[in-house]
file target-v7.cif (mmCIF, C-alpha atoms)
data_entry
#
loop_
_atom_site.label_atom_id
_atom_site.label_comp_id
_atom_site.auth_asym_id
_atom_site.auth_seq_id
_atom_site.Cartn_x
_atom_site.Cartn_y
_atom_site.Cartn_z
CA ASP A 1 0.00 0.00 0.00
CA GLY A 2 1.36 3.43 -0.96
CA GLY A 3 0.47 5.11 2.33
CA HIS A 4 2.42 2.59 4.37
CA ALA A 5 5.40 2.86 2.02
CA ALA A 6 5.38 6.66 2.34
CA LEU A 7 5.22 6.32 6.12
CA LEU A 8 8.19 3.93 6.05
CA VAL A 9 10.22 6.33 3.88
CA ALA A 10 9.36 9.21 6.24
CA ALA A 11 10.42 7.10 9.23
CA ILE A 12 13.73 6.27 7.54
CA GLY A 13 14.32 9.96 6.80
CA LEU A 14 13.52 10.91 10.39
CA CYS A 15 15.87 8.19 11.66
CA THR A 16 18.65 9.48 9.38
CA VAL A 17 18.28 13.02 10.74
CA ALA A 18 18.09 11.78 14.35
CA LEU A 19 21.13 9.51 13.99
CA THR A 20 23.13 12.31 12.38
CA ALA A 21 22.20 14.59 15.29
CA VAL A 22 23.29 11.85 17.71
CA HIS A 23 26.63 11.60 15.90
CA VAL A 24 27.15 15.36 16.18
CA GLY A 25 26.12 15.39 19.84
CA VAL A 26 28.29 12.44 20.83
CA ASN A 27 31.38 13.78 19.09
CA TRP A 28 31.00 17.43 20.07
CA PRO A 29 34.03 18.48 22.13
CA ILE A 30 33.22 18.26 25.84
CA SER A 31 35.10 21.50 26.48
CA ARG A 32 32.50 23.32 24.33
CA SER A 33 29.51 21.67 26.00
CA SER A 34 27.85 23.14 29.04
CA SER A 35 27.14 21.02 32.09
CA THR A 36 23.43 21.32 31.33
CA THR A 37 23.96 19.83 27.88
CA MET A 38 25.99 16.96 29.28
CA SER A 39 23.34 16.30 31.94
CA CYS A 40 20.66 16.15 29.22
CA ILE A 41 22.74 13.69 27.19
CA PHE A 42 23.29 11.44 30.21
CA LEU A 43 19.61 11.66 31.17
CA ALA A 44 18.56 10.73 27.62
CA GLY A 45 20.84 7.68 27.72
CA MET A 46 19.35 6.56 31.03
CA ALA A 47 15.82 7.14 29.68
CA VAL A 48 16.49 4.91 26.66
CA THR A 49 17.87 2.18 28.92
CA THR A 50 14.78 2.43 31.14
CA VAL A 51 12.44 2.20 28.15
CA LEU A 52 14.27 -0.89 26.88
CA THR A 53 14.08 -2.45 30.34
CA PHE A 54 10.30 -1.90 30.31
CA ASN A 55 10.25 -3.79 27.00
CA VAL A 56 11.93 -6.74 28.71
CA TYR A 57 9.15 -6.72 31.31
CA ALA A 58 6.54 -6.45 28.55
CA SER A 59 7.91 -9.61 26.92
CA PHE A 60 7.11 -11.68 30.03
CA ASP A 61 4.06 -13.89 29.84
CA PHE A 62 1.58 -12.07 32.07
CA VAL A 63 -1.60 -10.08 31.59
CA ALA A 64 -1.04 -6.36 32.03
CA THR A 65 -3.96 -4.11 32.84
CA SER A 66 -4.47 -0.44 32.17
CA PRO A 67 -2.40 1.80 32.28
CA LEU A 68 0.53 -0.63 32.12
CA ALA A 69 -0.80 -2.36 28.98
CA GLU A 70 -1.00 0.98 27.13
CA LEU A 71 2.51 1.92 28.26
CA PHE A 72 3.93 -1.38 27.03
CA SER A 73 2.22 -1.00 23.66
CA LEU A 74 3.63 2.53 23.23
CA LEU A 75 7.16 1.39 24.03
CA ARG A 76 7.19 -1.52 21.54
CA VAL A 77 8.89 0.58 18.87
CA PHE A 78 12.07 0.68 20.95
CA ALA A 79 12.30 -3.14 20.91
CA PHE A 80 12.34 -3.28 17.08
CA ASP A 81 8.69 -4.35 17.02
CA LEU A 82 7.95 -4.12 13.32
CA ASP A 83 4.18 -4.29 13.75
CA ILE A 84 4.34 -0.63 14.79
CA VAL A 85 5.44 0.48 11.29
CA ARG A 86 3.28 -2.13 9.55
CA LEU A 87 6.21 -3.60 7.63
CA THR A 88 4.06 -6.54 6.59
CA CYS A 89 1.82 -4.15 4.62
CA VAL A 90 4.84 -2.82 2.70
CA THR A 91 6.50 -6.18 2.04
CA GLY A 92 3.30 -8.17 1.49
CA THR A 93 4.44 -11.08 3.66
CA ASN A 94 4.14 -11.96 7.33
CA SER A 95 6.96 -14.50 7.35
CA GLN A 96 8.55 -15.02 10.77
CA VAL A 97 11.95 -15.43 9.10
CA MET A 98 11.61 -12.09 7.29
CA ARG A 99 10.48 -10.33 10.47
CA TYR A 100 13.36 -11.83 12.46
CA SER A 101 15.88 -10.91 9.75
CA VAL A 102 14.68 -7.32 9.64
CA LYS A 103 14.93 -7.07 13.43
CA LEU A 104 18.51 -8.30 13.33
CA LEU A 105 19.36 -5.92 10.49
CA SER A 106 17.92 -2.89 12.31
CA LEU A 107 21.14 -1.93 14.06
CA PRO A 108 23.43 -2.34 11.01
CA SER A 109 20.82 -0.32 9.08
CA ALA A 110 21.05 2.39 11.74
CA PHE A 111 24.83 2.43 11.27
CA ALA A 112 24.36 2.84 7.51
CA LEU A 113 21.77 5.61 7.93
CA MET A 114 24.06 7.44 10.34
CA ALA A 115 27.00 7.14 7.94
CA PHE A 116 24.83 8.44 5.09
CA GLY A 117 23.61 11.39 7.18
CA VAL A 118 27.12 12.27 8.33
CA ALA A 119 28.42 12.08 4.75
CA ALA A 120 25.57 14.30 3.54
CA VAL A 121 26.12 16.92 6.26
CA SER A 122 29.91 16.91 5.92
CA SER A 123 29.65 17.40 2.14
CA PHE A 124 28.51 20.98 2.81
CA ARG A 125 31.59 23.02 3.74
CA PRO A 126 29.87 25.27 6.35
CA LEU A 127 28.51 22.20 8.17
CA ARG A 128 31.63 20.01 7.94
CA HIS A 129 32.81 21.28 11.32
CA TYR A 130 29.70 19.83 13.01
CA ALA A 131 29.73 16.32 11.52
CA SER A 132 33.22 14.90 11.56
CA PRO A 133 33.40 11.90 9.22
CA SER A 134 36.62 10.64 10.83
CA VAL A 135 37.10 6.98 11.67
CA ALA A 136 37.44 7.71 15.40
CA ALA A 137 34.21 9.78 15.48
CA THR A 138 32.34 7.10 13.53
CA GLN A 139 33.57 4.36 15.86
CA ASN A 140 32.58 6.48 18.85
CA SER A 141 29.04 6.93 17.48
CA MET A 142 28.68 3.26 16.58
CA GLY A 143 29.84 2.23 20.04
CA MET A 144 27.32 4.58 21.60
CA LEU A 145 24.53 3.13 19.41
CA MET A 146 25.58 -0.40 20.40
CA SER A 147 25.52 0.48 24.09
CA ILE A 148 22.07 2.07 23.75
CA ALA A 149 20.65 -0.77 21.66
CA PHE A 150 22.26 -3.61 23.64
CA ILE A 151 19.04 -4.66 25.39
CA ALA A 152 17.00 -4.45 22.17
CA VAL A 153 19.61 -6.43 20.22
CA SER A 154 19.71 -9.05 22.98
CA MET A 155 15.92 -9.37 22.92
CA ALA A 156 15.90 -9.60 19.10
CA SER A 157 18.61 -12.27 19.07
CA LEU A 158 16.64 -14.39 21.54
CA GLU A 159 13.42 -14.00 19.50
CA ALA A 160 14.30 -17.12 17.48
CA PHE A 161 13.96 -19.19 20.65
CA ARG A 162 10.46 -17.96 21.55
CA CYS A 163 7.58 -20.30 21.05
CA HIS A 164 4.95 -19.12 18.51
CA GLU A 165 1.45 -20.57 18.37
CA HIS A 166 -0.05 -21.18 14.92
CA PRO A 167 -3.77 -21.02 14.00
CA ASN A 168 -3.88 -24.85 13.76
CA GLY A 169 -2.92 -25.11 17.45
CA LYS A 170 0.67 -26.24 16.84
CA HIS A 171 3.69 -24.46 18.27
CA SER A 172 7.11 -23.77 16.76
CA LEU A 173 10.28 -21.82 17.45
#

call {"tool": "encode", "arguments": {"input": "target-v7.cif", "output": "structure tokens"}}
result
Amino acid sequence: DGGHAALLVAAIGLCTVALTAVHVGVNWPISRSSSTTMSCIFLAGMAVTTVLTFNVYASFDFVATSPLAELFSLLRVFAFDLDIVRLTCVTGTNSQVMRYSVKLLSLPSAFALMAFGVAAVSSFRPLRHYASPSVAATQNSMGMLMSIAFIAVSMASLEAFRCHEHPNGKHSL
């Protein structure tokens, strides 16, 4: 469906801009940053870790009631839950293998989007100062993304070992 594809393209564009901003923020010289800015960055990192921890709790097999059920459903996007972006509508398939593969490719895709955004920003001479495309800065940003996404990547890698019930009553991994 064209609407879902446009939404997916918009989400990819938004992710590219956000990841480029993260790269700039992570590699900005600390001597130029105020203590308020650093506190905000640390608080944002702790908030992401908390959200991902809530997703671990949401994956447990229990019945959550309101308002916890609504909170868990809102936070699913941070655990690479592809039902949020309706990827099955864009691809036309609901294959468990495809969904699992896309989950595992989410972080390398984020690396690629960040590299693309940094290359685009650094190609403009006035902005080159803000987005350093150096190897050290890129490694720093990728390490930061890995540390933020560690819980989500761990949950996605264990997804293959979760039992799924089929409409015929059978179960499979």

call {"tool": "closest_residue", "arguments": {"input": "target-v7.cif", "among": "A:Met155, A:Ala6, A:Leu71, A:Ala160", "to": "Ser101 in chain A", "atoms": "all atoms listed in the file"}}
result
A:Ala160

call {"tool": "closest_residue", "arguments": {"input": "target-v7.cif", "among": "A:Leu14, A:Val9, A:Leu75, A:Val118", "to": "Ala152 in chain A", "atoms": "all atoms listed in the file"}}
result
A:Leu75

call {"tool": "resolve_selection", "arguments": {"input": "target-v7.cif", "expression": "the PyMOL selection byres ((chain A and resi 150) around 12)", "output": "list in words"}}
result
Val48, Thr49, Leu52, Thr53, Val56, Phe78, Ala79, Phe80, Leu104, Leu107, Met142, Gly143, Met144, Leu145, Met146, Ser147, Ile148, Ala149, Ile151, Ala152, Val153, Ser154, Met155, Ala156 and Ser157 of chain A

call {"tool": "resolve_selection", "arguments": {"input": "target-v7.cif", "expression": "the PyMOL selection byres ((chain A and resi 28) around 12)", "output": "list in words"}}
result
Ala21, Val22, His23, Val24, Gly25, Val26, Asn27, Pro29, Ile30, Ser31, Arg32, Ser33, Ser34, Thr37, Met38, Ile41, His129, Tyr130, Ala131, Ser132, Ala137, Asn140 and Ser141 of chain A

call {"tool": "resolve_selection", "arguments": {"input": "target-v7.cif", "expression": "the PyMOL selection byres ((chain A and resi 120) around 12)", "output": "JSON, numbers by chain"}}
result
{"A": [16, 17, 20, 113, 114, 115, 116, 117, 118, 119, 121, 122, 123, 124, 125, 127, 128, 130, 131, 132, 133]}

call {"tool": "atom_distance", "arguments": {"input": "target-v7.cif", "atom1": "CA of Cys163 in chain A", "atom2": "CA of Leu68 in chain A"}}
result
23.6 Å

call {"tool": "closest_residue", "arguments": {"input": "target-v7.cif", "among": "A:Ala58, A:Ser95, A:Lys170, A:Cys40", "to": "Arg76 in chain A", "atoms": "only C-alpha atoms"}}
result
A:Ala58

call {"tool": "axis_aligned_box", "arguments": {"input": "target-v7.cif", "around": "range 111-114 of chain A", "padding_each_side": "4 Å", "output": "lines of an AutoDock Vina configuration file"}}
result
center_x = 23.3
center_y = 4.9
center_z = 9.4
size_x = 11.1
size_y = 13.0
size_z = 11.8

call {"tool": "decode", "arguments": {"input": "target-v7.cif", "residues": "range 114-127 of chain A", "atoms": "all heavy atoms", "output": "mmCIF file, in the first residue's frame"}}
result
data_model
loop_
_atom_site.group_PDB
_atom_site.id
_atom_site.type_symbol
_atom_site.label_atom_id
_atom_site.label_comp_id
_atom_site.auth_asym_id
_atom_site.auth_seq_id
_atom_site.Cartn_x
_atom_site.Cartn_y
_atom_site.Cartn_z
ATOM 1 N N MET A 114 23.237 6.435 9.693
ATOM 2 C CA MET A 114 24.061 7.436 10.340
ATOM 3 C C MET A 114 25.233 7.829 9.443
ATOM 4 O O MET A 114 25.529 9.015 9.275
ATOM 5 C CB MET A 114 24.589 6.937 11.682
ATOM 6 C CG MET A 114 25.381 7.986 12.438
ATOM 7 S SD MET A 114 26.166 7.329 13.904
ATOM 8 C CE MET A 114 27.332 6.193 13.190
ATOM 9 N N ALA A 115 25.880 6.846 8.829
ATOM 10 C CA ALA A 115 27.004 7.139 7.938
ATOM 11 C C ALA A 115 26.539 7.978 6.750
ATOM 12 O O ALA A 115 27.228 8.927 6.344
ATOM 13 C CB ALA A 115 27.643 5.844 7.453
ATOM 14 N N PHE A 116 25.372 7.660 6.203
ATOM 15 C CA PHE A 116 24.828 8.443 5.091
ATOM 16 C C PHE A 116 24.551 9.876 5.524
ATOM 17 O O PHE A 116 24.897 10.834 4.822
ATOM 18 C CB PHE A 116 23.551 7.788 4.554
ATOM 19 C CG PHE A 116 22.847 8.613 3.526
ATOM 20 C CD1 PHE A 116 23.322 8.693 2.227
ATOM 21 C CD2 PHE A 116 21.709 9.330 3.865
ATOM 22 C CE1 PHE A 116 22.682 9.466 1.287
ATOM 23 C CE2 PHE A 116 21.054 10.104 2.930
ATOM 24 C CZ PHE A 116 21.536 10.179 1.630
ATOM 25 N N GLY A 117 23.917 10.049 6.684
ATOM 26 C CA GLY A 117 23.608 11.389 7.177
ATOM 27 C C GLY A 117 24.860 12.206 7.447
ATOM 28 O O GLY A 117 24.930 13.388 7.114
ATOM 29 N N VAL A 118 25.864 11.576 8.038
ATOM 30 C CA VAL A 118 27.121 12.272 8.326
ATOM 31 C C VAL A 118 27.813 12.661 7.020
ATOM 32 O O VAL A 118 28.323 13.781 6.883
ATOM 33 C CB VAL A 118 28.040 11.401 9.205
ATOM 34 C CG1 VAL A 118 29.448 11.960 9.276
ATOM 35 C CG2 VAL A 118 27.447 11.274 10.591
ATOM 36 N N ALA A 119 27.816 11.759 6.039
ATOM 37 C CA ALA A 119 28.415 12.078 4.748
ATOM 38 C C ALA A 119 27.682 13.232 4.070
ATOM 39 O O ALA A 119 28.315 14.119 3.480
ATOM 40 C CB ALA A 119 28.423 10.849 3.848
ATOM 41 N N ALA A 120 26.355 13.228 4.164
ATOM 42 C CA ALA A 120 25.575 14.297 3.541
ATOM 43 C C ALA A 120 25.850 15.641 4.212
ATOM 44 O O ALA A 120 26.061 16.651 3.534
ATOM 45 C CB ALA A 120 24.086 13.963 3.605
ATOM 46 N N VAL A 121 25.874 15.666 5.542
ATOM 47 C CA VAL A 121 26.116 16.916 6.258
ATOM 48 C C VAL A 121 27.540 17.401 6.044
ATOM 49 O O VAL A 121 27.780 18.587 5.819
ATOM 50 C CB VAL A 121 25.814 16.751 7.768
ATOM 51 C CG1 VAL A 121 26.305 17.936 8.576
ATOM 52 C CG2 VAL A 121 24.324 16.563 7.979
ATOM 53 N N SER A 122 28.506 16.487 6.074
ATOM 54 C CA SER A 122 29.905 16.907 5.923
ATOM 55 C C SER A 122 30.251 17.290 4.487
ATOM 56 O O SER A 122 31.309 17.876 4.249
ATOM 57 C CB SER A 122 30.845 15.812 6.420
ATOM 58 O OG SER A 122 30.728 14.656 5.621
ATOM 59 N N SER A 123 29.383 16.991 3.521
ATOM 60 C CA SER A 123 29.654 17.401 2.141
ATOM 61 C C SER A 123 29.426 18.901 1.949
ATOM 62 O O SER A 123 29.921 19.480 0.977
ATOM 63 C CB SER A 123 28.798 16.605 1.157
ATOM 64 O OG SER A 123 27.431 16.933 1.315
ATOM 65 N N PHE A 124 28.701 19.536 2.861
ATOM 66 C CA PHE A 124 28.509 20.983 2.815
ATOM 67 C C PHE A 124 29.573 21.638 3.675
ATOM 68 O O PHE A 124 29.622 21.427 4.884
ATOM 69 C CB PHE A 124 27.109 21.366 3.322
ATOM 70 C CG PHE A 124 26.004 20.831 2.474
ATOM 71 C CD1 PHE A 124 25.228 19.776 2.922
ATOM 72 C CD2 PHE A 124 25.736 21.376 1.218
ATOM 73 C CE1 PHE A 124 24.204 19.271 2.146
ATOM 74 C CE2 PHE A 124 24.718 20.878 0.437
ATOM 75 C CZ PHE A 124 23.952 19.824 0.893
ATOM 76 N N ARG A 125 30.435 22.436 3.054
ATOM 77 C CA ARG A 125 31.586 23.021 3.741
ATOM 78 C C ARG A 125 31.228 23.756 5.041
ATOM 79 O O ARG A 125 31.910 23.565 6.046
ATOM 80 C CB ARG A 125 32.358 23.948 2.793
ATOM 81 C CG ARG A 125 33.674 24.424 3.381
ATOM 82 C CD ARG A 125 34.533 25.172 2.382
ATOM 83 N NE ARG A 125 34.885 24.410 1.206
ATOM 84 C CZ ARG A 125 35.863 23.504 1.135
ATOM 85 N NH1 ARG A 125 36.571 23.238 2.200
ATOM 86 N NH2 ARG A 125 36.131 22.875 0.023
ATOM 87 N N PRO A 126 30.160 24.571 5.086
ATOM 88 C CA PRO A 126 29.872 25.266 6.349
ATOM 89 C C PRO A 126 29.461 24.318 7.489
ATOM 90 O O PRO A 126 29.619 24.653 8.661
ATOM 91 C CB PRO A 126 28.697 26.195 6.015
ATOM 92 C CG PRO A 126 28.614 26.242 4.540
ATOM 93 C CD PRO A 126 29.287 25.032 4.008
ATOM 94 N N LEU A 127 28.970 23.142 7.149
ATOM 95 C CA LEU A 127 28.513 22.197 8.173
ATOM 96 C C LEU A 127 29.545 21.123 8.508
ATOM 97 O O LEU A 127 29.335 20.333 9.419
ATOM 98 C CB LEU A 127 27.215 21.527 7.723
ATOM 99 C CG LEU A 127 26.024 22.454 7.462
ATOM 100 C CD1 LEU A 127 24.851 21.657 6.927
ATOM 101 C CD2 LEU A 127 25.648 23.198 8.725
#
